[in-house]
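Trainee: The file below is upload-v7.csv, CSV, N, CA and C atoms:
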chain,number,residue,atom,x,y,z
S,541,MET,N,-14.7,-8.1,-37.5
S,541,MET,CA,-13.9,-7.4,-36.5
S,541,MET,C,-12.5,-8.1,-36.5
S,542,GLY,N,-11.5,-7.3,-36.7
S,542,GLY,CA,-10.1,-7.8,-36.7
S,542,GLY,C,-9.6,-8.1,-35.3
S,543,SER,N,-8.5,-8.8,-35.3
S,543,SER,CA,-7.9,-9.1,-34.0
S,543,SER,C,-7.4,-7.9,-33.2
S,544,THR,N,-7.0,-6.8,-34.0
S,544,THR,CA,-6.5,-5.6,-33.3
S,544,THR,C,-7.7,-4.9,-32.6
S,545,ALA,N,-8.8,-4.9,-33.3
S,545,ALA,CA,-10.0,-4.3,-32.7
S,545,ALA,C,-10.5,-5.0,-31.5
S,546,ALA,N,-10.5,-6.4,-31.6
S,546,ALA,CA,-10.9,-7.2,-30.4
S,546,ALA,C,-9.9,-7.0,-29.2
S,547,ALA,N,-8.7,-6.9,-29.5
S,547,ALA,CA,-7.7,-6.7,-28.4
S,547,ALA,C,-7.9,-5.3,-27.8
S,548,THR,N,-8.1,-4.3,-28.7
S,548,THR,CA,-8.4,-3.0,-28.2
S,548,THR,C,-9.6,-2.9,-27.3
S,549,LEU,N,-10.7,-3.6,-27.7
S,549,LEU,CA,-11.9,-3.6,-26.9
S,549,LEU,C,-11.6,-4.3,-25.5
S,550,ILE,N,-10.9,-5.4,-25.6
S,550,ILE,CA,-10.7,-6.2,-24.3
S,550,ILE,C,-9.8,-5.4,-23.4
S,551,ILE,N,-8.7,-4.8,-23.9
S,551,ILE,CA,-7.8,-4.0,-23.1
S,551,ILE,C,-8.6,-2.8,-22.5
S,552,GLY,N,-9.4,-2.1,-23.4
S,552,GLY,CA,-10.1,-0.9,-22.9
S,552,GLY,C,-11.2,-1.3,-21.8
S,553,GLY,N,-11.8,-2.5,-22.0
S,553,GLY,CA,-12.8,-3.0,-21.0
S,553,GLY,C,-12.1,-3.3,-19.7
S,554,VAL,N,-11.0,-3.9,-19.7
S,554,VAL,CA,-10.3,-4.3,-18.5
S,554,VAL,C,-9.8,-3.0,-17.7
S,555,ILE,N,-9.2,-2.1,-18.5
S,555,ILE,CA,-8.8,-0.9,-17.9
S,555,ILE,C,-10.0,0.0,-17.4
S,556,GLY,N,-11.1,0.0,-18.1
S,556,GLY,CA,-12.2,0.7,-17.7
S,556,GLY,C,-12.8,0.1,-16.4
S,557,MET,N,-12.8,-1.2,-16.3
S,557,MET,CA,-13.3,-1.8,-15.0
S,557,MET,C,-12.4,-1.5,-13.8
S,558,PHE,N,-11.1,-1.5,-14.1
S,558,PHE,CA,-10.2,-1.2,-13.0
S,558,PHE,C,-10.3,0.3,-12.6
S,559,VAL,N,-10.4,1.2,-13.5
S,559,VAL,CA,-10.5,2.6,-13.2
S,559,VAL,C,-11.8,2.8,-12.5
S,560,GLY,N,-12.9,2.2,-12.9
S,560,GLY,CA,-14.2,2.3,-12.2
S,560,GLY,C,-14.1,1.8,-10.8
S,561,TRP,N,-13.4,0.7,-10.6
S,561,TRP,CA,-13.3,0.2,-9.2
S,561,TRP,C,-12.5,1.1,-8.3
S,562,ASN,N,-11.4,1.7,-8.9
S,562,ASN,CA,-10.6,2.7,-8.2
S,562,ASN,C,-11.4,3.9,-7.8
S,563,TRP,N,-12.2,4.4,-8.7
S,563,TRP,CA,-13.0,5.6,-8.4
S,563,TRP,C,-14.0,5.3,-7.3
S,564,ARG,N,-14.6,4.1,-7.3
S,564,ARG,CA,-15.6,3.7,-6.3
S,564,ARG,C,-14.9,3.6,-5.0
S,565,THR,N,-13.7,3.0,-5.0
S,565,THR,CA,-12.9,2.9,-3.7
S,565,THR,C,-12.5,4.3,-3.2
S,566,ALA,N,-12.2,5.2,-4.0
S,566,ALA,CA,-11.8,6.6,-3.6
S,566,ALA,C,-13.0,7.3,-3.0
S,567,ARG,N,-14.2,7.1,-3.6
S,567,ARG,CA,-15.4,7.7,-3.1
S,567,ARG,C,-15.8,7.1,-1.8
S,568,GLY,N,-15.6,5.8,-1.6
S,568,GLY,CA,-15.9,5.1,-0.4
S,568,GLY,C,-15.0,5.5,0.7
S,569,ALA,N,-13.8,5.9,0.4
S,569,ALA,CA,-12.8,6.3,1.4
S,569,ALA,C,-13.2,7.6,2.0
S,570,ASN,N,-14.1,8.4,1.4
S,570,ASN,CA,-14.5,9.7,1.8
S,570,ASN,C,-16.0,9.7,2.3
S,571,ALA,N,-16.6,8.5,2.5
S,571,ALA,CA,-18.1,8.5,2.6
S,571,ALA,C,-18.5,8.9,4.0
S,572,ASP,N,-17.9,8.4,5.1
S,572,ASP,CA,-18.4,8.6,6.4
S,572,ASP,C,-17.4,9.3,7.3
S,573,LEU,N,-17.1,10.5,6.9
S,573,LEU,CA,-16.0,11.3,7.6
S,573,LEU,C,-16.4,11.7,9.0
S,574,LYS,N,-17.7,11.9,9.3
S,574,LYS,CA,-18.0,12.4,10.7
S,574,LYS,C,-17.7,11.3,11.7
S,575,VAL,N,-17.8,10.1,11.3
S,575,VAL,CA,-17.5,9.0,12.3
S,575,VAL,C,-16.0,8.8,12.4
S,576,HIS,N,-15.3,9.0,11.3
S,576,HIS,CA,-13.9,8.6,11.3
S,576,HIS,C,-12.9,9.8,11.1
S,577,LYS,N,-13.1,10.8,12.0
S,577,LYS,CA,-12.3,12.0,11.8
S,577,LYS,C,-10.8,11.8,12.1
S,578,GLY,N,-10.5,10.8,12.9
S,578,GLY,CA,-9.1,10.5,13.1
S,578,GLY,C,-8.4,9.8,12.0
S,579,ARG,N,-9.2,9.3,11.1
S,579,ARG,CA,-8.6,8.6,9.9
S,579,ARG,C,-8.6,9.4,8.6
S,580,ILE,N,-8.9,10.7,8.7
S,580,ILE,CA,-9.0,11.5,7.5
S,580,ILE,C,-7.7,11.5,6.7
S,581,PRO,N,-6.5,11.6,7.4
S,581,PRO,CA,-5.3,11.6,6.6
S,581,PRO,C,-5.1,10.3,5.8
S,582,GLY,N,-5.5,9.2,6.3
S,582,GLY,CA,-5.4,7.9,5.6
S,582,GLY,C,-6.4,7.9,4.4
S,583,PHE,N,-7.6,8.5,4.7
S,583,PHE,CA,-8.6,8.5,3.6
S,583,PHE,C,-8.1,9.4,2.4
S,584,ARG,N,-7.5,10.5,2.8
S,584,ARG,CA,-6.9,11.4,1.8
S,584,ARG,C,-5.9,10.7,0.9
S,585,ARG,N,-5.0,10.0,1.6
S,585,ARG,CA,-3.9,9.3,0.9
S,585,ARG,C,-4.5,8.3,-0.1
S,586,ALA,N,-5.5,7.5,0.4
S,586,ALA,CA,-6.2,6.5,-0.4
S,586,ALA,C,-6.9,7.2,-1.6
S,587,ARG,N,-7.6,8.3,-1.3
S,587,ARG,CA,-8.3,9.0,-2.4
S,587,ARG,C,-7.3,9.5,-3.4
S,588,ASN,N,-6.2,10.1,-3.0
S,588,ASN,CA,-5.2,10.7,-3.9
S,588,ASN,C,-4.5,9.6,-4.7
S,589,ARG,N,-4.2,8.5,-4.0
S,589,ARG,CA,-3.5,7.4,-4.7
S,589,ARG,C,-4.4,6.8,-5.8
S,590,THR,N,-5.6,6.5,-5.5
S,590,THR,CA,-6.5,5.9,-6.5
S,590,THR,C,-6.8,6.9,-7.6
S,591,GLY,N,-6.9,8.1,-7.3
S,591,GLY,CA,-7.2,9.1,-8.3
S,591,GLY,C,-6.0,9.2,-9.3
S,592,LEU,N,-4.8,9.2,-8.7
S,592,LEU,CA,-3.6,9.3,-9.6
S,592,LEU,C,-3.4,8.0,-10.4
S,593,ILE,N,-3.7,6.9,-9.8
S,593,ILE,CA,-3.6,5.6,-10.6
S,593,ILE,C,-4.6,5.6,-11.7
S,594,SER,N,-5.8,6.0,-11.4
S,594,SER,CA,-6.9,6.1,-12.4
S,594,SER,C,-6.5,7.0,-13.6
S,595,THR,N,-6.1,8.2,-13.2
S,595,THR,CA,-5.7,9.2,-14.2
S,595,THR,C,-4.5,8.7,-15.1
S,596,ALA,N,-3.5,8.0,-14.5
S,596,ALA,CA,-2.4,7.5,-15.2
S,596,ALA,C,-2.9,6.4,-16.2
S,597,LEU,N,-3.8,5.5,-15.7
S,597,LEU,CA,-4.3,4.5,-16.6
S,597,LEU,C,-5.2,5.0,-17.8
S,598,ILE,N,-5.9,6.1,-17.5
S,598,ILE,CA,-6.7,6.7,-18.6
S,598,ILE,C,-5.7,7.3,-19.6
S,599,VAL,N,-4.7,8.0,-19.2
S,599,VAL,CA,-3.7,8.6,-20.1
S,599,VAL,C,-3.0,7.5,-20.9
S,600,LEU,N,-2.6,6.4,-20.2
S,600,LEU,CA,-1.9,5.4,-20.9
S,600,LEU,C,-2.8,4.7,-21.9
S,601,THR,N,-4.1,4.5,-21.6
S,601,THR,CA,-5.0,3.9,-22.5
S,601,THR,C,-5.2,4.7,-23.7
S,602,LEU,N,-5.4,6.0,-23.5
S,602,LEU,CA,-5.6,6.9,-24.7
S,602,LEU,C,-4.3,6.9,-25.6
S,603,LEU,N,-3.1,6.9,-24.9
S,603,LEU,CA,-1.9,6.8,-25.8
S,603,LEU,C,-1.8,5.5,-26.5
S,604,ALA,N,-2.2,4.4,-25.9
S,604,ALA,CA,-2.1,3.1,-26.6
S,604,ALA,C,-3.2,3.1,-27.7
S,605,LEU,N,-4.4,3.6,-27.5
S,605,LEU,CA,-5.4,3.6,-28.5
S,605,LEU,C,-5.0,4.5,-29.7
S,606,SER,N,-4.4,5.6,-29.4
S,606,SER,CA,-3.9,6.5,-30.5
S,606,SER,C,-2.8,5.8,-31.3
S,607,ALA,N,-2.0,5.1,-30.6
S,607,ALA,CA,-0.9,4.3,-31.3
S,607,ALA,C,-1.5,3.2,-32.2
S,608,PHE,N,-2.5,2.5,-31.7
S,608,PHE,CA,-3.2,1.5,-32.5
S,608,PHE,C,-3.9,2.1,-33.7
S,609,VAL,N,-4.5,3.3,-33.6
S,609,VAL,CA,-5.2,3.9,-34.7
S,609,VAL,C,-4.2,4.4,-35.7
S,610,ARG,N,-3.1,5.0,-35.3
S,610,ARG,CA,-2.1,5.5,-36.3
S,610,ARG,C,-1.3,4.4,-36.9
S,611,GLY,N,-1.1,3.3,-36.2
S,611,GLY,CA,-0.1,2.5,-36.7
S,611,GLY,C,-0.3,1.1,-37.1
If you convert what's in this file into structure tokens, what do you get?

Mentor:
Amino acid sequence: MGSTAAATLIIGGVIGMFVGWNWRTARGANADLKVHKGRIPGFRRARNRTGLISTALIVLTLLALSAFVRG
């Protein structure tokens, strides 16, 4: 395995862990809504923010991996 492949695996693993943590956080922010009805706008902001960050990281990872493969 070359150094490029190892770097790609490490970068993909780190980003995958971060995206997974963000998705878990977004799901947890929406878990107990009956108790926290007054906090719903904050939960929505947290869910939207983590979803957008995760989506952006996935797109950037795919772009970086395609650049590594092509170049």

Trainee: S:Phe608: which residues within 12 Å, counting only C-alpha atoms, same-chain residues fewer than 5 positions away excluded, as a ChimeraX atom specification?

Mentor: /S:543-549,551,601-603

Trainee: When you draw a straight line from atom CA of S:Val609 to atom CA of S:Phe558, how long is it in Å?

Mentor: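 Straight-line distance from atom CA of S:Val609 to atom CA of S:Phe558 works out to 22.8 Å.
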
Trainee: What is the atom C of S:Gly582-atom C of S:Asn562 distance in Å, reported with one decimal?

Mentor: 13.8 Å

Trainee: May I ask for the distance between atom CA of S:Trp563 and atom CA of S:Phe583, given in Å to one decimal place?

Mentor: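 Pair atom CA of S:Trp563 / atom CA of S:Phe583 returns 13.1 Å.
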
Trainee: Let me make sure I understand: among S:Gly611, S:Gly542, S:Pro581, S:Gly552, which one has the smallest atom-to-atom distance to S:Ile598 if we use only C-alpha atoms?

Mentor: S:Gly552
